[in-house]
Amino acid sequence: MSNKKVLIVTYYWPPAGGPGVQRWLKFVKYLPDFDLEPIIYCPDNPHYPIRDESLVNEVAKNLTILKQPIKEPYSLARLFSKQSAKTISSGVIPKAKKQSLVEKLMLYVRGNFFIPDARKHWIQPSVKFLSSYIKENDIGTVITTGPPHSLHLIGLHLKKKLKINWIADFRDPWTTIGYHKALKLTRSSKAKHKALEAEVLNSADQITVTSHHTKNEFLIKTRQPISVITNGYDTHSIRVDKKDDKFTLSHIGSLLSERNPKILWEVLSELIEENEVFSKVFQLNLIGVVSDDVLESVYQSGLRDYVNIVGYVNHDDAIRFQIRSRLLLLIEIDSQDTKAIIPGKVFEYLISETPILAIGPKDSDIEQIITSTNTGTYFNYKEKQKLKTQITRYFEAYQSDSLRVNAIGLQPYSRKALTKQLSMLIKTL
């Protein structure tokens, strides 16, 4: 019996870098193990703010990949300000009071003229191309993954035109995602977003989300079935000889302007001042895009001589940093809206055998994962003294060479186990 074909509509695909590409790269890797044949549809000429050529090697040679051209408005935006266009497209939005006139204008245009997002002009040509392809190739299931949420509108139109099963996969929420507040949306634009979100949620045959908070949010908005399939970790062959000699605290990924734990910078500054040994061996590694606002806070706290700004590295090198470091830093914005956000790197952190030091909103999904797997400690933004005490304990364990992780219950977060969940959903449609 031939495998059932599944068409996956995604914007992010290798050589795209960053967390957006990982989820479906790994699902596609394992779907054939469950008698499903994935077919990828992605842009032919996308604007990826982050690229990672090493991920191309993870794509199976026999995978069918369909590509169609896309019109990217960021090319036009770069004519006005190349740096601002690059910064905003990568998700780093300056604080309102520090935004230039050009940045304010770009955010207003992005929010109100490109609904739901800057990839809206890819919807109609994609629907036209895929309508024929689906019929000619006997495809019964279409999966769209967003953001960008324009891709869900491709699924919506295909659902209306064809007899297909449609799964809408939300890696992040839609109207409640944090950056919406920075887009300077008018009242009518907000209403359009909500209307489109409602139509997608109520038209898809199945909705998948990455967190329980997002599921609870969507349960109020639709009666369609919703399943939580988190991101996860995959096996790899990367090894390092030993941990860093220094007491390294490493953050891998983007540090946005609002993702700025000033209490942590204060605690580290105090420990450096109070403990001479700590001051000699401590190092803060920032691996990835870091906003100017965060760097300013770090420097103002007296940490300039202790911070190692690495910048973006490929996926394999990011894993090496995770394994070598003494502590891994995980930061989420202190907001009700971000309780649902579970960065993909969390799951790679889990298997790094490196303790996680996490700071975020109270009662978040991240807190539940870290606590239940015994992989680190979690603090909210008001727990400065508790945070300082815990870092001191970690440092004492480092000094006695006993800083270890005894993780439990990780297997459900493996990419293959998660793909099995997805395959069961597809087969029951």
# chains A, B, ... in the order shown; residues from 1 in each chain; ligands from 1

$ residues_around --residues "Ile154 in chain A" --least-positions-apart "4" --cutoff "12 Å" --atoms "only C-alpha atoms" --output "MDAnalysis selection string"
chainID A and resid 8:11 41:42 116 119:131 142:146 148:150 158:161 166:168 196 200 204

$ residues_around --residues "range 268-272 of chain A" --least-positions-apart "2" --cutoff "10 Å" --atoms "only C-alpha atoms" --output "number ranges by chain"
A: 262-266, 274-282, 284, 298, 300-303, 306, 387-388, 391-392

$ residues_around --residues "Gln224 in chain A" --least-positions-apart "2" --cutoff "7 Å" --atoms "only C-alpha atoms" --output "number ranges by chain"
A: 202, 205-206, 222, 226

$ residues_around --residues "Ala417 in chain A" --least-positions-apart "5" --cutoff "12 Å" --atoms "only C-alpha atoms" --output "list in words"
Lys26, Phe27, Tyr30, Leu31, Asp33, Phe34, Ile229, Thr230, Asn231, Gly232, Tyr233, Asp234, Thr235, Leu410, Gln411, Pro412, Leu422, Ser423 and Met424 of chain A

$ closest_residue --among "A:His47, A:Pro19, A:Ser414, A:Thr141" --to "Lys4 in chain A" --atoms "only C-alpha atoms"
A:Thr141

$ residues_around --residues "Leu403 in chain A" --least-positions-apart "2" --cutoff "10 Å" --atoms "only C-alpha atoms" --output "list in words"
Arg326, Leu327, Glu353, Thr354, Pro355, Arg393, Tyr394, Phe395, Glu396, Ala397, Tyr398, Gln399, Ser400, Asp401 and Val405 of chain A

$ atom_distance --atom1 "CA of Gly18 in chain A" --atom2 "CA of Asp363 in chain A"
26.0 Å

$ select_by_dssp --residues "range 242-352 of chain A" --states "helix (DSSP H, G or I)" --output "ChimeraX atom specification"
/A:262-274,276-281,292-300,304-306,315-324,336-340,345-350

$ closest_residue --among "A:Ser297, A:Trp13, A:Ser254, A:Ser203" --to "Glu53 in chain A" --atoms "only C-alpha atoms"
A:Trp13

$ atom_distance --atom1 "CA of Ser188 in chain A" --atom2 "CA of His157 in chain A"
22.6 Å

$ atom_distance --atom1 "CA of Asn57 in chain A" --atom2 "CA of Gly344 in chain A"
19.8 Å

$ select_by_dssp --residues "range 185-414 of chain A" --states "strand (DSSP E or B)" --output "ChimeraX atom specification"
/A:206-209,226-228,233,247-252,255,282-287,290,307-309,327-331,356-359,376-379,414

$ write_last_selection --atoms "N, CA and C atoms" --output "CSV table (one decimal), in the first residue's frame"
chain,number,residue,atom,x,y,z
A,206,GLN,N,-8.8,20.4,11.8
A,206,GLN,CA,-8.0,20.1,13.0
A,206,GLN,C,-7.1,21.3,13.2
A,207,ILE,N,-6.9,21.7,14.4
A,207,ILE,CA,-6.0,22.7,14.8
A,207,ILE,C,-4.9,22.1,15.7
A,208,THR,N,-3.6,22.4,15.4
A,208,THR,CA,-2.6,22.0,16.3
A,208,THR,C,-1.9,23.3,16.8
A,209,VAL,N,-1.5,23.2,18.1
A,209,VAL,CA,-0.8,24.3,18.8
A,209,VAL,C,0.4,23.8,19.5
A,226,ILE,N,-8.8,20.7,18.8
A,226,ILE,CA,-7.5,21.4,19.0
A,226,ILE,C,-6.6,20.4,19.8
A,227,SER,N,-5.4,20.2,19.2
A,227,SER,CA,-4.4,19.3,19.9
A,227,SER,C,-3.1,20.0,20.2
A,228,VAL,N,-2.5,19.7,21.3
A,228,VAL,CA,-1.2,20.3,21.7
A,228,VAL,C,-0.2,19.3,21.2
A,233,TYR,N,12.9,17.8,20.8
A,233,TYR,CA,14.4,17.6,20.6
A,233,TYR,C,14.6,16.5,19.6
A,247,PHE,N,32.8,29.7,34.5
A,247,PHE,CA,31.4,29.6,34.9
A,247,PHE,C,30.6,30.3,33.9
A,248,THR,N,30.3,29.7,32.7
A,248,THR,CA,29.6,30.3,31.6
A,248,THR,C,28.1,30.2,31.7
A,249,LEU,N,27.4,31.3,31.6
A,249,LEU,CA,26.0,31.4,31.5
A,249,LEU,C,25.6,31.8,30.1
A,250,SER,N,25.0,30.9,29.3
A,250,SER,CA,24.8,31.2,27.9
A,250,SER,C,23.3,31.3,27.5
A,251,HIS,N,23.0,32.3,26.7
A,251,HIS,CA,21.7,32.4,26.1
A,251,HIS,C,21.8,32.2,24.6
A,252,ILE,N,21.1,31.3,24.1
A,252,ILE,CA,21.1,31.0,22.6
A,252,ILE,C,19.8,31.5,22.0
A,255,LEU,N,17.5,38.0,21.7
A,255,LEU,CA,17.1,38.7,22.9
A,255,LEU,C,16.4,40.0,22.4
A,282,PHE,N,33.5,34.2,35.9
A,282,PHE,CA,32.2,34.3,35.3
A,282,PHE,C,32.3,34.8,33.8
A,283,GLN,N,31.4,34.3,33.0
A,283,GLN,CA,31.3,34.8,31.6
A,283,GLN,C,29.8,34.6,31.1
A,284,LEU,N,29.3,35.7,30.5
A,284,LEU,CA,27.9,35.7,30.0
A,284,LEU,C,28.1,35.6,28.4
A,285,ASN,N,27.6,34.5,27.9
A,285,ASN,CA,27.6,34.3,26.4
A,285,ASN,C,26.2,34.7,25.8
A,286,LEU,N,26.2,35.6,24.9
A,286,LEU,CA,25.0,35.9,24.1
A,286,LEU,C,25.1,35.4,22.7
A,287,ILE,N,24.5,34.4,22.4
A,287,ILE,CA,24.6,33.7,21.0
A,287,ILE,C,23.3,34.0,20.3
A,290,VAL,N,20.9,40.3,19.4
A,290,VAL,CA,20.6,40.9,20.7
A,290,VAL,C,20.3,42.4,20.4
A,307,VAL,N,30.8,40.0,29.3
A,307,VAL,CA,29.9,39.5,28.2
A,307,VAL,C,30.6,39.2,27.0
A,308,ASN,N,30.3,38.0,26.4
A,308,ASN,CA,30.9,37.6,25.1
A,308,ASN,C,29.8,37.5,24.1
A,309,ILE,N,29.8,38.5,23.2
A,309,ILE,CA,28.7,38.6,22.2
A,309,ILE,C,29.1,37.8,21.0
A,327,LEU,N,25.7,26.9,32.6
A,327,LEU,CA,24.3,27.1,32.8
A,327,LEU,C,23.7,27.7,31.4
A,328,LEU,N,22.5,27.3,31.2
A,328,LEU,CA,21.8,27.9,30.0
A,328,LEU,C,20.7,28.8,30.5
A,329,LEU,N,20.7,30.0,29.8
A,329,LEU,CA,19.8,31.0,30.2
A,329,LEU,C,18.6,31.0,29.2
A,330,LEU,N,17.4,31.0,29.8
A,330,LEU,CA,16.1,31.1,29.0
A,330,LEU,C,15.3,32.3,29.5
A,331,ILE,N,15.0,33.2,28.6
A,331,ILE,CA,14.3,34.4,29.0
A,331,ILE,C,13.0,34.5,28.2
A,356,ILE,N,19.2,24.6,33.4
A,356,ILE,CA,18.5,25.7,32.8
A,356,ILE,C,18.2,26.7,33.9
A,357,LEU,N,18.5,28.0,33.6
A,357,LEU,CA,18.1,29.1,34.5
A,357,LEU,C,17.1,29.9,33.7
A,358,ALA,N,15.8,29.9,34.1
A,358,ALA,CA,14.8,30.5,33.3
A,358,ALA,C,14.1,31.6,34.1
A,359,ILE,N,13.8,32.7,33.3
A,359,ILE,CA,13.1,33.8,33.9
A,359,ILE,C,11.9,34.2,33.0
A,376,GLY,N,16.0,22.3,35.6
A,376,GLY,CA,16.5,23.6,35.9
A,376,GLY,C,15.6,24.3,36.9
A,377,THR,N,15.7,25.6,37.0
A,377,THR,CA,14.9,26.4,37.9
A,377,THR,C,14.3,27.6,37.2
A,378,TYR,N,13.2,28.0,37.6
A,378,TYR,CA,12.4,29.0,37.0
A,378,TYR,C,12.0,30.1,38.0
A,379,PHE,N,12.1,31.4,37.5
A,379,PHE,CA,11.8,32.5,38.4
A,379,PHE,C,11.0,33.5,37.6
A,414,SER,N,10.5,13.9,22.3
A,414,SER,CA,11.4,13.6,21.2
A,414,SER,C,10.6,13.9,19.9
